[in-house]
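Raw input.txt, compact mmCIF, C-alpha atoms:
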```txt
# COMPACT_ATOMS: atom_id res chain seq x y z
CA MET A 442 31.36 148.79 73.54
CA LEU A 443 31.86 145.62 75.60
CA ALA A 444 32.35 142.42 73.63
CA PRO A 445 29.58 139.85 74.21
CA TYR A 446 31.95 137.23 75.64
CA ARG A 447 33.23 139.52 78.36
CA THR A 448 32.11 138.77 81.91
CA THR A 449 30.17 141.59 83.53
CA PHE A 450 28.52 141.87 86.91
CA ASN A 451 26.03 144.64 87.63
CA GLY A 452 27.16 146.46 84.50
CA LYS A 453 30.87 146.42 85.38
CA LEU A 454 33.77 144.38 84.01
CA ASP A 455 34.25 141.37 86.27
CA ARG A 456 38.00 140.86 86.27
CA LEU A 457 38.17 137.85 88.59
CA SER A 458 35.29 135.43 88.00
CA SER A 459 36.65 133.76 84.87
CA LEU A 460 39.78 132.85 86.85
CA ILE A 461 38.09 132.03 90.13
CA ASP A 462 35.85 129.56 88.29
CA ARG A 463 39.00 127.57 87.55
CA LEU A 464 40.41 127.70 91.08
CA ARG A 465 40.20 124.67 93.35
CA VAL A 466 40.21 125.59 97.02
CA ASP A 467 40.68 122.74 99.52
CA VAL A 468 40.27 123.44 103.22
CA SER A 469 41.34 121.30 106.17
CA PHE A 470 39.99 122.46 109.51
CA ALA A 471 42.66 122.43 112.22
CA ALA A 472 41.99 122.00 115.91
CA VAL A 473 42.98 125.05 117.89
CA ASP A 474 45.90 123.56 119.79
CA ASP A 475 49.68 123.68 119.44
CA THR A 476 49.75 120.99 116.75
CA GLY A 477 46.82 122.28 114.71
CA VAL A 478 47.80 125.93 114.72
CA GLY A 479 51.37 125.11 113.76
CA ASP A 480 50.21 123.16 110.72
CA SER A 481 47.79 125.82 109.46
CA ASN A 482 48.31 128.70 107.03
CA PHE A 483 45.03 130.49 107.78
CA ARG A 484 44.15 131.86 111.21
CA ILE A 485 41.84 134.32 112.91
CA TYR A 486 43.04 135.83 116.18
CA SER A 487 41.28 137.86 118.84
CA ASP A 488 43.01 140.11 121.36
CA GLN A 489 41.96 141.09 124.89
CA ASP A 490 39.73 143.83 123.46
CA ARG A 491 38.10 141.34 121.06
CA ALA A 492 39.72 143.00 118.06
CA LEU A 493 40.09 140.44 115.27
CA ARG A 494 43.09 139.82 113.03
CA LEU A 495 43.03 137.55 109.96
CA VAL A 496 46.23 135.90 108.74
CA PHE A 497 46.68 133.95 105.51
CA CYS A 498 49.96 132.66 104.08
CA PRO A 499 49.12 131.50 100.54
CA GLY A 500 52.79 130.75 99.84
CA ASN A 501 52.87 128.27 102.70
CA GLU A 502 50.23 125.69 101.87
CA ASN A 503 52.17 122.89 103.54
CA GLY A 504 53.32 124.94 106.51
CA SER A 505 56.82 126.39 106.89
CA ALA A 506 59.07 128.35 109.20
CA ASP A 507 57.68 131.58 107.70
CA LEU A 508 54.49 131.02 109.65
CA ALA A 509 56.37 131.72 112.88
CA THR A 510 56.68 135.35 111.84
CA ILE A 511 52.90 135.83 111.93
CA ALA A 512 52.12 133.82 115.06
CA ALA A 513 49.69 135.12 117.68
CA GLU A 514 50.77 138.14 119.67
CA PRO A 515 51.12 137.69 123.46
CA ASN A 516 47.68 139.25 124.01
CA GLU A 517 45.95 137.24 121.25
CA LYS A 518 44.22 133.89 121.21
CA THR A 519 43.46 131.74 118.19
CA LEU A 520 39.78 131.43 117.27
CA VAL A 521 40.11 129.71 113.87
CA ALA A 522 42.93 127.69 112.31
CA ALA A 523 42.88 125.89 108.97
CA ARG A 524 45.06 124.90 106.07
CA ILE A 525 43.92 126.30 102.73
CA SER A 526 45.40 124.80 99.57
CA VAL A 527 44.73 126.36 96.17
CA SER A 528 45.24 124.61 92.85
CA GLY A 529 43.99 124.86 89.28
CA ILE A 530 44.67 127.31 86.48
CA GLY A 531 43.62 130.33 88.48
CA LYS A 532 46.37 129.63 91.02
CA GLN A 533 48.34 132.35 89.23
CA LEU A 534 46.14 134.75 91.18
CA ILE A 535 47.22 133.31 94.51
CA ASN A 536 50.87 133.33 93.47
CA ALA A 537 50.57 137.09 92.90
CA LEU A 538 49.66 137.70 96.54
CA PRO A 539 52.26 138.44 99.22
CA ARG A 540 53.55 135.26 100.87
CA CYS A 541 51.88 136.21 104.13
CA ILE A 542 48.93 138.57 104.71
CA SER A 543 48.00 139.96 108.11
CA VAL A 544 44.81 142.03 108.19
CA PRO A 545 43.35 143.77 111.29
CA LEU A 546 39.63 143.43 110.68
CA ALA A 547 38.46 146.59 112.44
CA GLN A 548 38.75 148.55 109.18
CA GLU A 549 37.76 145.68 106.84
CA PRO A 550 33.97 145.20 107.06
CA PHE A 551 33.80 142.96 103.98
CA LEU A 552 36.29 140.52 105.50
CA THR A 553 34.72 140.80 108.95
CA ALA A 554 31.38 139.79 107.44
CA VAL A 555 32.97 136.44 106.47
CA ALA A 556 35.19 136.07 109.54
CA ASP A 557 32.26 136.20 111.96
CA PRO A 558 30.43 133.12 110.58
CA LEU A 559 33.78 131.29 110.27
CA ILE A 560 34.34 131.84 113.99
CA GLU A 561 30.81 130.66 114.72
CA GLU A 562 31.23 127.47 112.66
CA ALA A 563 34.53 126.70 114.41
CA ALA A 564 33.21 127.41 117.90
CA HIS A 565 29.84 125.64 117.51
CA PRO A 566 30.17 122.61 115.17
CA ARG A 567 26.88 121.52 113.63
CA CYS A 568 25.67 119.39 110.74
CA GLY A 569 27.03 120.74 107.46
CA GLY A 570 29.73 122.65 109.30
CA GLN A 571 32.61 121.33 107.19
CA ALA A 572 30.84 122.34 103.97
CA ALA A 573 29.98 125.77 105.37
CA PHE A 574 33.54 126.26 106.58
CA GLN A 575 34.88 125.33 103.11
CA ARG A 576 32.57 127.78 101.32
CA LEU A 577 33.36 130.60 103.73
CA CYS A 578 37.10 130.08 103.26
CA GLU A 579 36.58 130.30 99.50
CA VAL A 580 34.86 133.65 100.00
CA VAL A 581 37.79 134.83 102.17
CA VAL A 582 40.23 133.96 99.36
CA ILE A 583 38.11 135.86 96.82
CA ARG A 584 37.83 138.92 99.04
CA LEU A 585 41.56 138.93 99.77
CA LEU A 586 42.23 138.82 96.03
CA ARG A 587 39.78 141.66 95.47
CA ARG A 588 41.38 143.67 98.27
CA ALA A 589 44.90 143.17 96.87
CA MET A 590 43.75 144.16 93.39
CA GLU A 591 41.91 147.28 94.56
CA GLU A 592 44.71 148.42 96.86
CA GLY A 593 47.56 147.58 94.50
CA THR A 594 49.33 145.40 97.06
CA ALA A 595 49.94 142.50 94.69
CA ASP A 596 53.35 141.71 93.28
CA ALA A 597 53.94 142.31 89.56
CA GLY A 598 52.07 139.79 87.45
CA LEU A 599 48.54 138.73 86.63
CA LEU A 600 46.83 140.45 89.55
CA ASN A 601 48.71 143.63 88.70
CA GLY A 602 47.42 143.39 85.14
CA LEU A 603 43.84 142.88 86.32
CA ALA A 604 44.17 146.02 88.44
CA HIS A 605 45.16 148.09 85.39
CA PRO A 606 42.13 149.92 83.94
CA ARG A 607 43.00 149.08 80.31
CA ILE A 608 45.14 145.94 80.43
CA ALA A 609 42.40 144.23 82.47
CA ALA A 610 40.02 144.37 79.50
CA ALA A 611 42.46 142.44 77.30
CA LEU A 612 43.21 139.90 80.03
CA VAL A 613 39.53 139.19 80.65
CA ALA A 614 38.96 138.78 76.91
CA ILE A 615 41.79 136.20 76.76
CA HIS A 616 40.45 134.36 79.81
CA GLU A 617 36.90 134.27 78.52
CA ALA A 618 37.65 133.35 74.90
CA PRO A 619 40.98 131.52 74.55
CA GLY A 620 39.89 130.13 71.17
CA GLU A 621 39.46 133.54 69.55
CA ALA A 622 41.89 134.46 66.77
CA TRP A 623 43.64 137.02 68.94
CA THR A 624 46.34 139.21 67.47
CA LEU A 625 48.30 142.00 69.09
CA GLU A 626 46.17 144.50 67.18
CA ARG A 627 42.87 142.97 68.34
CA LEU A 628 43.99 142.84 71.97
CA ALA A 629 45.24 146.43 71.82
CA ASP A 630 41.89 147.49 70.39
CA THR A 631 40.09 145.64 73.20
CA ALA A 632 42.19 147.57 75.70
CA GLY A 633 41.55 150.86 73.87
CA MET A 634 45.26 151.47 73.30
CA SER A 635 47.64 151.77 70.38
CA ARG A 636 49.49 148.59 69.40
CA THR A 637 52.86 149.83 70.66
CA GLN A 638 51.53 151.38 73.85
CA PHE A 639 49.60 148.21 74.66
CA ALA A 640 52.55 145.86 74.05
CA VAL A 641 54.92 147.92 76.20
CA THR A 642 52.41 148.50 79.01
CA PHE A 643 51.29 144.87 79.11
CA ARG A 644 54.85 143.61 79.48
CA ASP A 645 55.70 146.21 82.12
CA VAL A 646 52.60 145.43 84.18
CA VAL A 647 52.14 141.66 83.72
CA GLY A 648 55.77 140.69 83.17
CA VAL A 649 55.32 138.85 79.86
CA THR A 650 54.30 139.81 76.33
CA PRO A 651 50.58 139.72 75.40
CA ILE A 652 51.07 136.91 72.89
CA GLY A 653 53.27 135.02 75.35
CA TYR A 654 50.55 135.25 77.99
CA LEU A 655 47.89 134.16 75.48
CA ALA A 656 49.93 131.09 74.48
CA SER A 657 50.53 130.12 78.11
CA TRP A 658 46.84 130.55 79.03
CA ARG A 659 45.69 128.44 76.09
CA LEU A 660 48.00 125.60 77.10
CA GLU A 661 46.91 125.74 80.74
CA ILE A 662 43.28 125.56 79.61
CA ALA A 663 44.19 122.65 77.35
CA ARG A 664 45.88 120.81 80.18
CA SER A 665 42.84 121.21 82.42
CA GLU A 666 40.45 120.05 79.70
CA LEU A 667 42.57 116.99 78.91
CA GLU A 668 42.73 116.04 82.57
CA ALA A 669 38.93 116.24 82.59
CA GLY A 670 38.85 113.66 79.76
CA GLN A 671 38.13 115.88 76.75
CA GLN A 672 39.21 114.71 73.28
CA VAL A 673 42.43 116.15 71.85
CA LYS A 674 40.76 117.47 68.70
CA SER A 675 38.05 119.33 70.61
CA VAL A 676 40.60 120.80 73.03
CA ALA A 677 42.74 122.01 70.12
CA THR A 678 39.72 123.83 68.68
CA LEU A 679 38.65 125.23 72.04
CA CYS A 680 42.09 126.69 72.63
CA GLY A 681 42.48 128.31 69.23
CA PHE A 682 45.02 126.04 67.53
CA SER A 683 44.92 125.74 63.77
CA SER A 684 45.13 121.93 63.86
CA PRO A 685 45.57 119.04 66.30
CA ALA A 686 49.13 118.66 65.01
CA ALA A 687 50.00 122.27 65.84
CA PHE A 688 48.39 121.82 69.25
CA SER A 689 50.36 118.62 69.89
CA ARG A 690 53.68 120.31 69.08
CA ALA A 691 53.00 123.28 71.35
CA PHE A 692 51.67 121.11 74.17
CA SER A 693 54.58 118.68 74.05
CA LYS A 694 57.09 121.53 74.09
CA ARG A 695 55.45 123.10 77.13
CA PHE A 696 54.68 120.03 79.23
CA GLY A 697 57.11 117.38 78.00
CA ALA A 698 54.37 114.94 76.98
CA PRO A 699 51.94 114.74 74.03
CA PRO A 700 48.27 115.55 74.63
CA LYS A 701 47.12 111.94 74.22
CA GLN A 702 49.48 110.75 76.91
CA ALA A 703 48.59 113.66 79.15
CA ARG A 704 44.89 112.81 78.81
CA ILE A 705 45.51 109.25 80.02
CA GLU A 706 48.32 109.89 82.50
CA PRO A 707 48.26 113.52 83.66
CA ARG A 708 50.97 112.79 86.26
CA TRP A 709 53.49 112.76 83.41
CA LEU A 710 53.04 116.44 82.80
CA GLU A 711 55.80 118.82 83.77
CA THR A 712 54.71 121.86 85.81
```

Can you turn what I pasted into structure tokens?
Amino acid sequence: MLAPYRTTFNGKLDRLSSLIDRLRVDVSFAAVDDTGVGDSNFRIYSDQDRALRLVFCPGNENGSADLATIAAEPNEKTLVAARISVSGIGKQLINALPRCISVPLAQEPFLTAVADPLIEEAAHPRCGGQAAFQRLCEVVVIRLLRRAMEEGTADAGLLNGLAHPRIAAALVAIHEAPGEAWTLERLADTAGMSRTQFAVTFRDVVGVTPIGYLASWRLEIARSELEAGQQVKSVATLCGFSSPAAFSRAFSKRFGAPPKQARIEPRWLET
């Protein structure tokens, strides 16, 4: 039986939405010229037969020499170029992707369905074009994450865990309800596994222990809430800490600054 806090969509466990809600995707449209293309980490190419290829380098938000390895082929021209920067708690998802992704779109109808309007917006600028371009790029990021999760092409880590049929249930429960009194036993039960099997499998798949992941997620949520101006006491409760003092100790150890200071001056926080 699914717990009431768990995100579902059309009757199925939605493994991504609780993280995507916390992603911040910023898009800068780049002119299709030598300067613009060189500074971008997202491109759509078309060859002489009008076959499309989508390229995204999430590990190169500021541009780097790695982008040269996925430049246009001699028979390709650039239709779309942009720089996509991803921040926020859910950035762990992006970090789990390969540094550079090159996808021929002929066999990817779900990506093609987004690429086509992106090309249209770039080729025929109109009112609201920047907003439309931003939203469409967000959809591209989501569909690339979904594709990596479904095909198992992600590196070990969070996306790997979300692709696991049992570990995903525990991860979604943590993401949706960080303030719950989670124990190893409760998480194992959520995943439908024995305590030992769950602990071993979780570490093998995600790369950290279940309780270690829970603690890290709670503190990332806390950081985000403090930056948004929430009170320390309410954040401590939201994130499942027994008291503001316990929260302050854990937060200071992780980020190098107490919650009160972080709320006023978030730039002090260590990443």

Produce a table with one row for each residue of range 580-608 of chain A that has an atom at most 8 Å from any atom of range 628-643 of chain A, each row naming the nearest atom pair and its distance in Å at one decimal; use only C-alpha atoms; arrange rows by chain and rising residue number; format as CSV.
```
residue,atom,partner,partner_atom,distance
A:Gly602,CA,A:Phe643,CA,7.3
A:Arg607,CA,A:Ala632,CA,4.9
A:Ile608,CA,A:Ala632,CA,5.8
```

*Find the residues near Gly529 in chain A: any atom within 9 Å, counting all atoms listed in the file, skip ones fewer than 3 places away on the same chain, and give them as a VMD selection string.*
chain A and resid 463 to 466 532 to 533 665

*Leaving out range 483-495 of chain A and any residue of its chain fewer than 2 positions from it, which residues lie within 8 Å of it when counting only C-alpha atoms, given as a VMD selection string?*
chain A and resid 478 481 497 to 498 513 516 to 525 542 to 547 556 560

*Kindly give the distance, in Å, that separates CA of Thr678 in chain A and CA of Gly620 in chain A, rounded to a single decimal.*
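Those two atoms sit 6.8 Å apart.
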
*Residue among A:Ala471, A:Cys568, A:Leu538, A:Leu585 lying closest to Val555 in chain A, counting all atoms listed in the file*: A:Leu585

*asked:* Can you measure CA of Ala618 in chain A to CA of Glu706 in chain A for me? One decimal in Å is fine.
replied: 26.9 Å

*Separation of CA of Leu655 in chain A and CA of Lys674 in chain A, in Å?*
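Separating CA of Leu655 in chain A from CA of Lys674 in chain A is a distance of 19.4 Å.
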